[in-house]
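Undergrad: TSV, C-alpha atoms, file input-v8.tsv:
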chain	number	residue	atom	x	y	z
Q	1	MET	CA	74.74	88.86	177.30
Q	2	VAL	CA	73.20	92.16	176.18
Q	3	VAL	CA	71.78	92.18	172.67
Q	4	LEU	CA	71.47	95.74	171.45
Q	5	SER	CA	68.73	97.08	169.20
Q	6	GLN	CA	69.28	99.60	166.37
Q	7	PRO	CA	71.58	101.34	165.73
Q	8	ALA	CA	73.31	98.10	164.76
Q	9	ALA	CA	75.84	96.51	167.12
Q	10	LEU	CA	79.02	98.55	167.26
Q	11	ASP	CA	82.57	97.33	166.83
Q	12	HIS	CA	83.59	99.55	169.75
Q	13	LEU	CA	80.59	99.03	172.01
Q	14	SER	CA	82.78	99.03	175.08
Q	15	ASP	CA	83.64	102.65	174.30
Q	16	LEU	CA	79.98	103.54	174.73
Q	17	ILE	CA	79.32	101.87	178.06
Q	18	LYS	CA	80.35	104.13	180.90
Q	19	ALA	CA	79.95	103.89	184.64
Q	20	CYS	CA	78.21	107.09	185.71
Q	21	LYS	CA	76.84	107.94	189.10
Q	22	PRO	CA	73.08	108.52	188.93
Q	23	THR	CA	72.41	112.24	188.75
Q	24	SER	CA	69.14	113.94	189.58
Q	25	LEU	CA	67.95	116.78	187.39
Q	26	PHE	CA	69.94	119.91	188.22
Q	27	THR	CA	67.75	122.83	189.22
Q	28	GLY	CA	70.46	125.48	189.07
Q	29	ILE	CA	70.57	126.10	185.31
Q	30	PRO	CA	70.19	129.88	184.81
Q	31	VAL	CA	67.01	130.93	183.02
Q	32	VAL	CA	67.09	134.07	180.88
Q	33	ASP	CA	63.90	135.73	179.67
Q	34	LEU	CA	64.70	137.42	176.37
Q	35	SER	CA	61.94	139.96	176.99
Q	36	ASP	CA	63.38	140.99	180.36
Q	37	PRO	CA	65.05	144.45	180.30
Q	38	GLU	CA	67.77	142.96	182.54
Q	39	ALA	CA	68.42	140.03	180.17
Q	40	LYS	CA	71.81	141.43	179.12
Q	41	HIS	CA	73.14	141.16	182.68
Q	42	HIS	CA	71.67	137.70	183.25
Q	43	ILE	CA	73.27	136.44	180.02
Q	44	VAL	CA	76.73	137.64	181.06
Q	45	LYS	CA	76.46	136.15	184.55
Q	46	ALA	CA	75.24	132.80	183.20
Q	47	CYS	CA	78.12	132.65	180.71
Q	48	GLU	CA	80.60	133.39	183.49
Q	49	ASP	CA	79.14	130.91	185.98
Q	50	TYR	CA	78.06	128.00	183.80
Q	51	GLY	CA	78.80	128.64	180.13
Q	52	LEU	CA	75.16	127.73	179.49
Q	53	PHE	CA	71.68	129.06	180.11
Q	54	LYS	CA	68.08	128.32	179.24
Q	55	LEU	CA	66.35	130.93	177.09
Q	56	VAL	CA	62.61	131.54	177.39
Q	57	ASN	CA	60.31	133.99	175.59
Q	58	HIS	CA	62.73	133.63	172.69
Q	59	GLY	CA	60.36	134.51	169.86
Q	60	VAL	CA	60.88	131.35	167.79
Q	61	PRO	CA	57.40	130.03	166.83
Q	62	LEU	CA	56.57	126.73	168.52
Q	63	ASP	CA	55.20	125.30	165.29
Q	64	PHE	CA	58.62	125.76	163.65
Q	65	MET	CA	60.05	123.45	166.33
Q	66	THR	CA	57.31	120.83	166.22
Q	67	THR	CA	57.14	120.71	162.40
Q	68	LEU	CA	60.87	120.22	162.08
Q	69	GLU	CA	60.90	117.58	164.81
Q	70	ALA	CA	58.13	115.64	163.05
Q	71	GLN	CA	59.93	115.79	159.71
Q	72	ALA	CA	63.22	114.73	161.28
Q	73	LEU	CA	61.58	111.75	162.99
Q	74	LYS	CA	60.08	110.67	159.66
Q	75	PHE	CA	63.58	110.62	158.19
Q	76	PHE	CA	65.20	108.79	161.11
Q	77	ASN	CA	62.42	106.16	161.04
Q	78	LEU	CA	63.10	105.32	157.38
Q	79	PRO	CA	64.76	101.98	156.57
Q	80	GLN	CA	68.50	102.10	157.19
Q	81	SER	CA	69.23	101.57	153.49
Q	82	GLU	CA	67.23	104.70	152.62
Q	83	LYS	CA	68.96	106.85	155.24
Q	84	GLU	CA	72.38	105.74	154.12
Q	85	LYS	CA	71.77	107.20	150.67
Q	86	ALA	CA	72.33	110.56	152.38
Q	87	GLY	CA	75.65	109.42	153.89
Q	88	PRO	CA	78.29	108.87	154.95
Q	89	ALA	CA	78.73	112.34	156.41
Q	90	ASP	CA	81.65	114.20	154.81
Q	91	PRO	CA	81.05	116.15	157.15
Q	92	PHE	CA	77.62	117.09	155.76
Q	93	GLY	CA	74.92	114.48	155.28
Q	94	TYR	CA	73.69	111.53	157.33
Q	95	GLY	CA	75.84	109.73	159.88
Q	96	SER	CA	75.32	106.90	162.32
Q	97	LYS	CA	77.35	105.82	165.36
Q	98	ARG	CA	80.70	107.31	164.33
Q	99	ILE	CA	81.35	110.90	165.38
Q	100	GLY	CA	84.20	112.45	163.42
Q	101	PRO	CA	87.17	110.67	161.87
Q	102	ASN	CA	89.19	109.79	164.98
Q	103	GLY	CA	87.44	106.83	166.58
Q	104	ASP	CA	84.70	108.50	168.63
Q	105	VAL	CA	81.42	106.60	168.60
Q	106	GLY	CA	77.97	107.17	170.08
Q	107	TRP	CA	74.47	105.73	170.31
Q	108	ILE	CA	73.34	108.27	167.76
Q	109	GLU	CA	72.16	109.01	164.26
Q	110	TYR	CA	72.47	112.52	162.88
Q	111	ILE	CA	72.10	114.90	159.95
Q	112	LEU	CA	74.60	117.73	159.50
Q	113	LEU	CA	73.69	120.60	157.17
Q	114	ASN	CA	75.26	123.85	156.03
Q	115	THR	CA	73.07	126.79	157.04
Q	116	ASN	CA	73.76	128.74	153.85
Q	117	PRO	CA	70.74	128.05	151.58
Q	118	ASP	CA	72.94	128.66	148.54
Q	119	ILE	CA	75.20	125.73	149.49
Q	120	ILE	CA	73.31	122.44	149.30
Q	121	SER	CA	75.39	119.28	149.08
Q	122	PRO	CA	74.16	116.32	147.00
Q	123	LYS	CA	73.80	114.33	150.22
Q	124	SER	CA	71.52	117.00	151.64
Q	125	LEU	CA	69.29	116.62	148.60
Q	126	SER	CA	68.97	112.93	149.45
Q	127	ILE	CA	67.75	113.88	152.93
Q	128	PHE	CA	65.05	116.11	151.47
Q	129	LYS	CA	64.03	113.65	148.75
Q	130	GLU	CA	61.03	112.06	150.52
Q	131	ASN	CA	59.15	115.33	151.13
Q	132	PRO	CA	61.54	117.93	149.68
Q	133	GLU	CA	59.39	121.03	150.11
Q	134	ILE	CA	58.07	120.17	153.57
Q	135	PHE	CA	61.35	119.03	155.14
Q	136	ARG	CA	63.53	121.65	153.48
Q	137	ASP	CA	61.10	124.47	154.31
Q	138	ALA	CA	60.90	123.26	157.93
Q	139	VAL	CA	64.70	123.37	158.19
Q	140	LEU	CA	64.98	126.81	156.57
Q	141	ASP	CA	62.15	128.32	158.65
Q	142	PHE	CA	63.70	127.04	161.87
Q	143	ILE	CA	67.25	128.14	161.01
Q	144	CYS	CA	66.10	131.61	159.94
Q	145	ALA	CA	64.20	132.16	163.20
Q	146	VAL	CA	67.02	130.75	165.35
Q	147	LYS	CA	69.62	132.92	163.61
Q	148	LYS	CA	67.57	136.04	164.33
Q	149	MET	CA	67.26	135.03	167.98
Q	150	THR	CA	70.99	134.23	168.21
Q	151	PHE	CA	71.95	137.65	166.82
Q	152	GLU	CA	69.79	139.26	169.52
Q	153	VAL	CA	71.37	137.12	172.25
Q	154	LEU	CA	74.90	138.02	171.11
Q	155	GLU	CA	74.06	141.73	170.95
Q	156	LEU	CA	72.54	141.66	174.43
Q	157	MET	CA	75.66	139.82	175.60
Q	158	VAL	CA	77.84	142.64	174.26
Q	159	ASP	CA	75.55	145.21	175.89
Q	160	GLY	CA	75.94	143.36	179.19
Q	161	LEU	CA	79.72	143.42	178.82
Q	162	GLY	CA	79.55	147.19	178.29
Q	163	ILE	CA	81.54	147.24	175.05
Q	164	GLU	CA	80.97	148.55	171.52
Q	165	PRO	CA	80.00	148.07	168.78
Q	166	ARG	CA	77.09	145.90	169.91
Q	167	ASN	CA	77.24	143.87	166.68
Q	168	VAL	CA	80.90	142.92	167.15
Q	169	LEU	CA	79.90	139.26	167.69
Q	170	SER	CA	76.64	138.99	165.76
Q	171	ASN	CA	78.24	140.33	162.57
Q	172	LEU	CA	80.60	137.35	162.54
Q	173	LEU	CA	77.57	135.09	162.11
Q	174	ARG	CA	75.71	137.46	159.78
Q	175	GLU	CA	78.46	137.53	157.16
Q	176	ASP	CA	77.82	135.65	153.92
Q	177	LYS	CA	81.04	133.72	154.51
Q	178	SER	CA	80.21	132.78	158.09
Q	179	ASP	CA	80.86	129.11	158.85
Q	180	CYS	CA	77.64	128.13	160.60
Q	181	CYS	CA	76.07	124.68	160.53
Q	182	PHE	CA	72.96	122.90	161.74
Q	183	ARG	CA	72.70	119.44	163.23
Q	184	LEU	CA	69.79	117.12	163.95
Q	185	ASN	CA	70.69	114.42	166.48
Q	186	TYR	CA	68.57	111.32	167.08
Q	187	TYR	CA	69.24	109.05	170.05
Q	188	PRO	CA	67.14	105.86	169.80
Q	189	PRO	CA	65.84	104.32	173.02
Q	190	CYS	CA	67.90	101.46	174.41
Q	191	PRO	CA	65.81	99.20	176.70
Q	192	GLU	CA	68.82	96.90	177.17
Q	193	LEU	CA	70.43	99.63	179.29
Q	194	GLN	CA	68.58	98.21	182.28
Q	195	ALA	CA	70.79	95.13	182.03
Q	196	LEU	CA	73.97	97.24	182.29
Q	197	SER	CA	73.70	97.43	186.10
Q	198	GLY	CA	73.99	101.15	186.73
Q	199	ARG	CA	76.14	101.89	183.73
Q	200	ASN	CA	75.12	104.22	180.92
Q	201	LEU	CA	75.33	104.11	177.17
Q	202	ILE	CA	76.97	107.22	175.74
Q	203	GLY	CA	74.91	108.92	173.07
Q	204	PHE	CA	77.43	111.71	172.45
Q	205	GLY	CA	80.66	111.79	174.42
Q	206	GLU	CA	81.92	114.67	176.55
Q	207	HIS	CA	83.19	117.65	174.58
Q	208	THR	CA	83.05	121.40	174.18
Q	209	ASP	CA	81.76	123.09	171.03
Q	210	PRO	CA	84.52	124.81	169.05
Q	211	GLN	CA	82.43	127.63	167.54
Q	212	ILE	CA	81.37	130.96	169.07
Q	213	ILE	CA	77.94	129.86	170.27
Q	214	SER	CA	75.62	126.85	170.12
Q	215	VAL	CA	71.84	126.98	170.31
Q	216	LEU	CA	70.08	123.74	171.25
Q	217	ARG	CA	66.46	122.67	171.34
Q	218	SER	CA	65.40	119.12	172.20
Q	219	ASN	CA	62.26	117.15	172.89
Q	220	ASN	CA	61.30	116.35	176.48
Q	221	THR	CA	63.58	113.31	176.82
Q	222	SER	CA	66.42	113.89	179.27
Q	223	GLY	CA	70.02	112.92	178.60
Q	224	LEU	CA	71.97	116.17	178.33
Q	225	GLN	CA	74.56	116.62	181.08
Q	226	ILE	CA	77.04	119.41	181.74
Q	227	SER	CA	80.20	119.51	183.81
Q	228	LEU	CA	80.24	122.14	186.55
Q	229	LYS	CA	83.39	124.08	187.47
Q	230	ASP	CA	84.29	121.50	190.11
Q	231	GLY	CA	84.06	118.67	187.56
Q	232	THR	CA	80.71	117.35	188.81
Q	233	TRP	CA	78.39	116.10	186.07
Q	234	VAL	CA	74.74	117.18	186.39
Q	235	SER	CA	71.67	116.42	184.28
Q	236	VAL	CA	69.96	119.33	182.53
Q	237	PRO	CA	66.14	119.19	182.78
Q	238	PRO	CA	64.73	119.05	179.24
Q	239	ASP	CA	62.29	121.70	178.05
Q	240	GLN	CA	60.96	121.32	174.53
Q	241	ASN	CA	59.62	124.89	174.47
Q	242	SER	CA	62.93	126.56	175.32
Q	243	PHE	CA	66.46	126.82	173.98
Q	244	PHE	CA	69.77	126.14	175.70
Q	245	ILE	CA	72.60	128.48	174.78
Q	246	ASN	CA	76.19	127.18	175.06
Q	247	VAL	CA	79.40	129.19	175.13
Q	248	GLY	CA	81.82	127.81	172.53
Q	249	ASP	CA	85.61	127.68	172.52
Q	250	CYS	CA	85.96	130.77	170.31
Q	251	LEU	CA	83.83	132.86	172.67
Q	252	GLN	CA	85.97	131.70	175.59
Q	253	VAL	CA	89.00	133.07	173.75
Q	254	MET	CA	87.27	136.27	172.66
Q	255	SER	CA	86.31	136.95	176.29
Q	256	ASN	CA	89.88	136.08	177.37
Q	257	GLY	CA	88.60	133.28	179.57
Q	258	ARG	CA	85.87	135.32	181.26
Q	259	PHE	CA	83.28	133.02	179.68
Q	260	LYS	CA	83.93	129.27	179.82
Q	261	SER	CA	83.12	126.87	177.01
Q	262	VAL	CA	80.88	124.33	178.72
Q	263	LYS	CA	81.81	120.64	178.65
Q	264	HIS	CA	78.73	118.51	177.95
Q	265	ARG	CA	77.61	115.03	176.88
Q	266	VAL	CA	74.43	113.06	176.17
Q	267	LEU	CA	73.47	109.72	177.73
Q	268	ALA	CA	71.02	107.34	176.06
Q	269	ASP	CA	67.58	106.71	177.54
Q	270	THR	CA	66.09	103.28	178.24
Q	271	THR	CA	62.60	103.89	176.89
Q	272	SER	CA	62.34	107.18	175.00
Q	273	SER	CA	64.10	108.55	171.96
Q	274	ARG	CA	65.76	111.93	172.23
Q	275	ILE	CA	65.89	114.30	169.29
Q	276	SER	CA	67.78	117.57	169.37
Q	277	MET	CA	68.42	120.33	166.87
Q	278	ILE	CA	71.50	122.52	167.24
Q	279	PHE	CA	72.59	125.67	165.46
Q	280	PHE	CA	76.35	126.19	165.64
Q	281	GLY	CA	77.39	129.81	165.09
Q	282	GLY	CA	80.85	129.94	163.53
Q	283	PRO	CA	82.72	132.93	162.05
Q	284	PRO	CA	84.21	133.12	158.54
Q	285	LEU	CA	87.13	130.72	158.08
Q	286	SER	CA	89.60	133.60	157.71
Q	287	GLU	CA	88.45	135.38	160.89
Q	288	LYS	CA	91.20	135.92	163.45
Q	289	ILE	CA	90.16	134.74	166.90
Q	290	ALA	CA	91.65	136.67	169.82
Q	291	PRO	CA	90.41	138.48	172.94
Q	292	LEU	CA	88.31	141.52	172.07
Q	293	PRO	CA	90.50	144.60	172.70
Q	294	SER	CA	87.53	146.50	174.15
Q	295	LEU	CA	87.16	143.82	176.84
Q	296	MET	CA	90.77	143.88	177.95
Q	297	ALA	CA	91.68	145.85	181.04
Q	298	GLU	CA	94.74	148.08	180.91
Q	299	GLY	CA	97.82	145.89	181.09
Q	300	GLU	CA	95.80	142.66	180.81
Q	301	GLU	CA	97.60	139.95	178.86
Q	302	SER	CA	95.92	137.65	176.40
Q	303	LEU	CA	95.68	134.06	177.67
Q	304	TYR	CA	95.65	132.72	174.11
Q	305	LYS	CA	97.70	132.82	170.95
Q	306	GLU	CA	95.86	134.38	168.03
Q	307	PHE	CA	94.53	131.91	165.45
Q	308	THR	CA	92.09	131.88	162.56
Q	309	TRP	CA	88.85	129.94	162.77
Q	310	CYS	CA	90.13	127.80	159.90
Q	311	GLU	CA	93.25	126.88	161.89
Q	312	TYR	CA	91.25	126.02	164.99
Q	313	LYS	CA	88.65	124.06	163.04
Q	314	LYS	CA	91.37	121.95	161.40
Q	315	SER	CA	93.00	121.35	164.75
Q	316	ALA	CA	89.69	120.35	166.34
Q	317	TYR	CA	88.93	117.99	163.46
Q	318	LYS	CA	92.16	116.11	164.20
Q	319	SER	CA	91.35	115.67	167.90
Q	320	ARG	CA	89.19	113.29	169.90
Q	321	LEU	CA	85.93	114.59	171.37
Q	322	ALA	CA	87.16	114.74	174.96
Q	323	ASP	CA	90.48	116.43	174.14
Q	324	TYR	CA	91.09	119.91	175.55
Q	325	ARG	CA	91.48	121.55	172.17
Q	326	LEU	CA	92.19	125.05	173.43
Q	327	GLY	CA	95.27	123.78	175.25
Q	328	LEU	CA	97.29	123.98	172.02
Q	329	PHE	CA	96.50	127.69	171.76
Q	330	GLU	CA	96.99	128.79	175.36
Q	331	LYS	CA	99.97	130.95	176.18
Q	332	SER	CA	102.25	129.54	178.80
Q	333	VAL	CA	102.16	131.51	182.04
Q	334	PRO	CA	105.70	132.46	183.12
Q	335	MET	CA	106.76	131.49	186.62
Q	336	MET	CA	107.16	134.48	188.91
Q	337	SER	CA	110.59	135.09	190.36
Q	338	ASN	CA	111.09	135.96	194.01
Q	339	SER	CA	111.47	139.61	193.08
Q	340	GLN	CA	107.90	139.62	191.78
Q	341	PHE	CA	106.35	138.66	195.12
Rewrite the structure from the file as structure tokens, please.
TA:
Amino acid sequence: MVVLSQPAALDHLSDLIKACKPTSLFTGIPVVDLSDPEAKHHIVKACEDYGLFKLVNHGVPLDFMTTLEAQALKFFNLPQSEKEKAGPADPFGYGSKRIGPNGDVGWIEYILLNTNPDIISPKSLSIFKENPEIFRDAVLDFICAVKKMTFEVLELMVDGLGIEPRNVLSNLLREDKSDCCFRLNYYPPCPELQALSGRNLIGFGEHTDPQIISVLRSNNTSGLQISLKDGTWVSVPPDQNSFFINVGDCLQVMSNGRFKSVKHRVLADTTSSRISMIFFGGPPLSEKIAPLPSLMAEGEESLYKEFTWCEYKKSAYKSRLADYRLGLFEKSVPMMSNSQF
């Protein structure tokens, strides 16, 4: 019998225990130096090949990362009754174990916040109650710096694609009505994993991110895995001084499939807690998502039906984590007749 420590025992624990082949740390993750004059080309190639890359020399002050991590850990180490005053997540606020409304669970606690400083939910105020100025300022400093970096990454991406205007993507996140959010994930250690005989406890199940782009920073505890093009799962080496940039579903559509939204998951660790902070760059709810005309070759057909971000977000919210959400919006490819060969 395996007795599990906090988070409290789950009703659907069997959903969290997964047989996974041991994976060594994958050394092939592309590394992009933001100060490199060739960064624009490296970004495009990484998005085509993996849908993910590690960003170094990014310009975000290290103390912004460490201060926010320390404040987040203080919150997650509070008594459960105190944390729950900031929940349940709706979607903003504090959540534990349950991910979304459709039965997905994970060995996780999290805080989800709106990135617009003018929109603060009552539950967010509960999160900041213990040290309101310190925690809130740490969040705002980090988000402001990460947004600036993300705008630069998106503009270099457009430069690398050879299209104009260079702010065609970054402006979608700059708008006052942009639908961006920020998430702090905490995965407690689970020593009892050693009794699971080669099986793993899922911290956050496999999924793709629905937005345009995701920007992740974590501590030095491993756990993040991505699925390669052939379906092989590999472990991403952690690096607490760098960021990992993920292609989201919307960017896959806007590139007409040239960039692939990367499928990823997090496995729990036996001895060390993992904490990650993720900025999700989403467009305004009314924004129409379709392949960028300037990227389309002459005669090239769109692989996707046009949709608004609001429509896609609602659809994603109704799905399970592992569902292929873009499938509902793909155009069917007509069968070729003999005369077309």
Undergrad: Which is closer to Phe135 in chain Q than all the others in Q:Asp323, Q:Glu69, Q:Glu298, Q:Glu311, using only C-alpha atoms?
TA: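 Nearest candidate to Phe135 in chain Q out of Q:Asp323, Q:Glu69, Q:Glu298, Q:Glu311: Q:Glu69.
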Undergrad: With distances taken over all atoms listed in the file, which residue among Q:Asp249, Q:Asp63, Q:Asp230, Q:Glu330 lies nearest Ser214 in chain Q?
TA: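 Comparing Q:Asp249, Q:Asp63, Q:Asp230, Q:Glu330 against Ser214 in chain Q, the winner is Q:Asp249.
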Undergrad: Measure the distance from CA of Ser242 in chain Q to CA of Val146 in chain Q in Å and round it to one decimal.
TA: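 Straight-line distance from CA of Ser242 in chain Q to CA of Val146 in chain Q works out to 11.6 Å.
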Undergrad: Got a sec: who's within 7 Å of Lys288 in chain Q, counting all atoms listed in the file, leaving out chain neighbours fewer than 3 positions off, as a list in words?
TA: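 Answer for this query is Glu306, Phe307, Thr308 and Trp309 of chain Q.
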Undergrad: Could I get the residues of range 201-233 of chain Q with an atom no further than 12 Å from an atom of range 178-182 of chain Q, each paired with its nearest atom pair and that distance in Å to one decimal, using all atoms listed in the file, sorted by chain and residue number, as CSV?
TA:
residue,atom,partner,partner_atom,distance
Q:Pro210,CA,Q:Cys180,CA,11.4
Q:Gln211,CA,Q:Cys180,CA,8.4
Q:Ile212,CA,Q:Cys180,CA,9.7
Q:Ile213,CA,Q:Cys180,CA,9.8
Q:Ser214,CA,Q:Phe182,CA,9.6
Q:Val215,CA,Q:Phe182,CA,9.6
Q:Leu216,CA,Q:Phe182,CA,10.0
Q:Arg217,CA,Q:Phe182,CA,11.6
Undergrad: At what distance in Å, to one decimal, does CA of Asn116 in chain Q lie from CA of Gly100 in chain Q?
TA: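 Answer for the CA of Gly100 in chain Q to CA of Asn116 in chain Q separation: 21.6 Å.
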Undergrad: Which residues are close to Leu62 in chain Q, i.e. within 12 Å by only C-alpha atoms, leaving aside same-chain residues fewer than 5 positions away? Reply as JSON, numbers by chain.
TA: {"Q": [56, 57, 67, 68, 69, 138, 141, 142, 145, 146, 217, 219, 240, 241, 242, 243]}
Undergrad: Could you check which of Q:Ala297, Q:Leu321, Q:Val262, Q:Ala89 is closest to Gln225 in chain Q, using all atoms listed in the file?
TA: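 Once distances to Gln225 in chain Q are computed over all atoms listed in the file, the minimum belongs to Q:Val262.
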Undergrad: Which of these, Q:Leu285, Q:Leu292, Q:Leu156, Q:Leu161, has the shortest distance to Lys314 in chain Q once you count only C-alpha atoms?
TA: Q:Leu285
Undergrad: Counting all atoms listed in the file, find residues at most 8 Å from (61.8, 104.7, 176.8) (file frame) and give them as a ChimeraX atom specification.
TA: /Q:189-191,269-273
Undergrad: Considering only C-alpha atoms, give me a table of residues in range 90-192 of chain Q that are at most 9 Å from range 32-42 of chain Q, with the closest atom pair and distance in Å for each, as a Markdown table.
TA:
| residue | atom | partner | partner_atom | distance |
| --- | --- | --- | --- | --- |
| Q:Glu152 | CA | Q:Leu34 | CA | 8.7 |
| Q:Val153 | CA | Q:Leu34 | CA | 7.8 |
| Q:Glu155 | CA | Q:Lys40 | CA | 8.5 |
| Q:Leu156 | CA | Q:Lys40 | CA | 4.8 |
| Q:Met157 | CA | Q:Lys40 | CA | 5.5 |
| Q:Val158 | CA | Q:Lys40 | CA | 7.8 |
| Q:Asp159 | CA | Q:Lys40 | CA | 6.2 |
| Q:Gly160 | CA | Q:Lys40 | CA | 4.6 |
| Q:Leu161 | CA | Q:His41 | CA | 8.0 |
Undergrad: Considering all atoms listed in the file, state which residue in the set Q:Pro30, Q:Pro237, Q:Gly281, Q:Gly51 is at the smallest distance from Gly257 in chain Q.
TA: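 Smallest separation from Gly257 in chain Q among the options: Q:Gly51.
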Undergrad: To one decimal place in Å, what is the distance between CA of Glu287 in chain Q and CA of Cys310 in chain Q?
TA: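 We find that CA of Glu287 in chain Q and CA of Cys310 in chain Q lie 7.8 Å from each other.
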Undergrad: Find the residues near Arg174 in chain Q: any atom within 12 Å, counting all atoms listed in the file, skip ones fewer than 4 places away on the same chain, and give them as a list in words.
TA: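 In the requested format, the answer is Thr115, Asn116, Cys144, Lys147, Lys148, Thr150, Phe151, Glu152, Leu154, Asn167, Val168, Leu169, Ser170, Ser178, Asp179, Cys180, Gly281, Gly282, Pro283 and Pro284 of chain Q.
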Undergrad: Residues within 12 Å of Lys229 in chain Q, please, as a VMD selection string. Count all atoms listed in the file; anything in the same chain fewer than 6 positions from it doesn't count.
TA: chain Q and resid 48 to 51 259 to 264
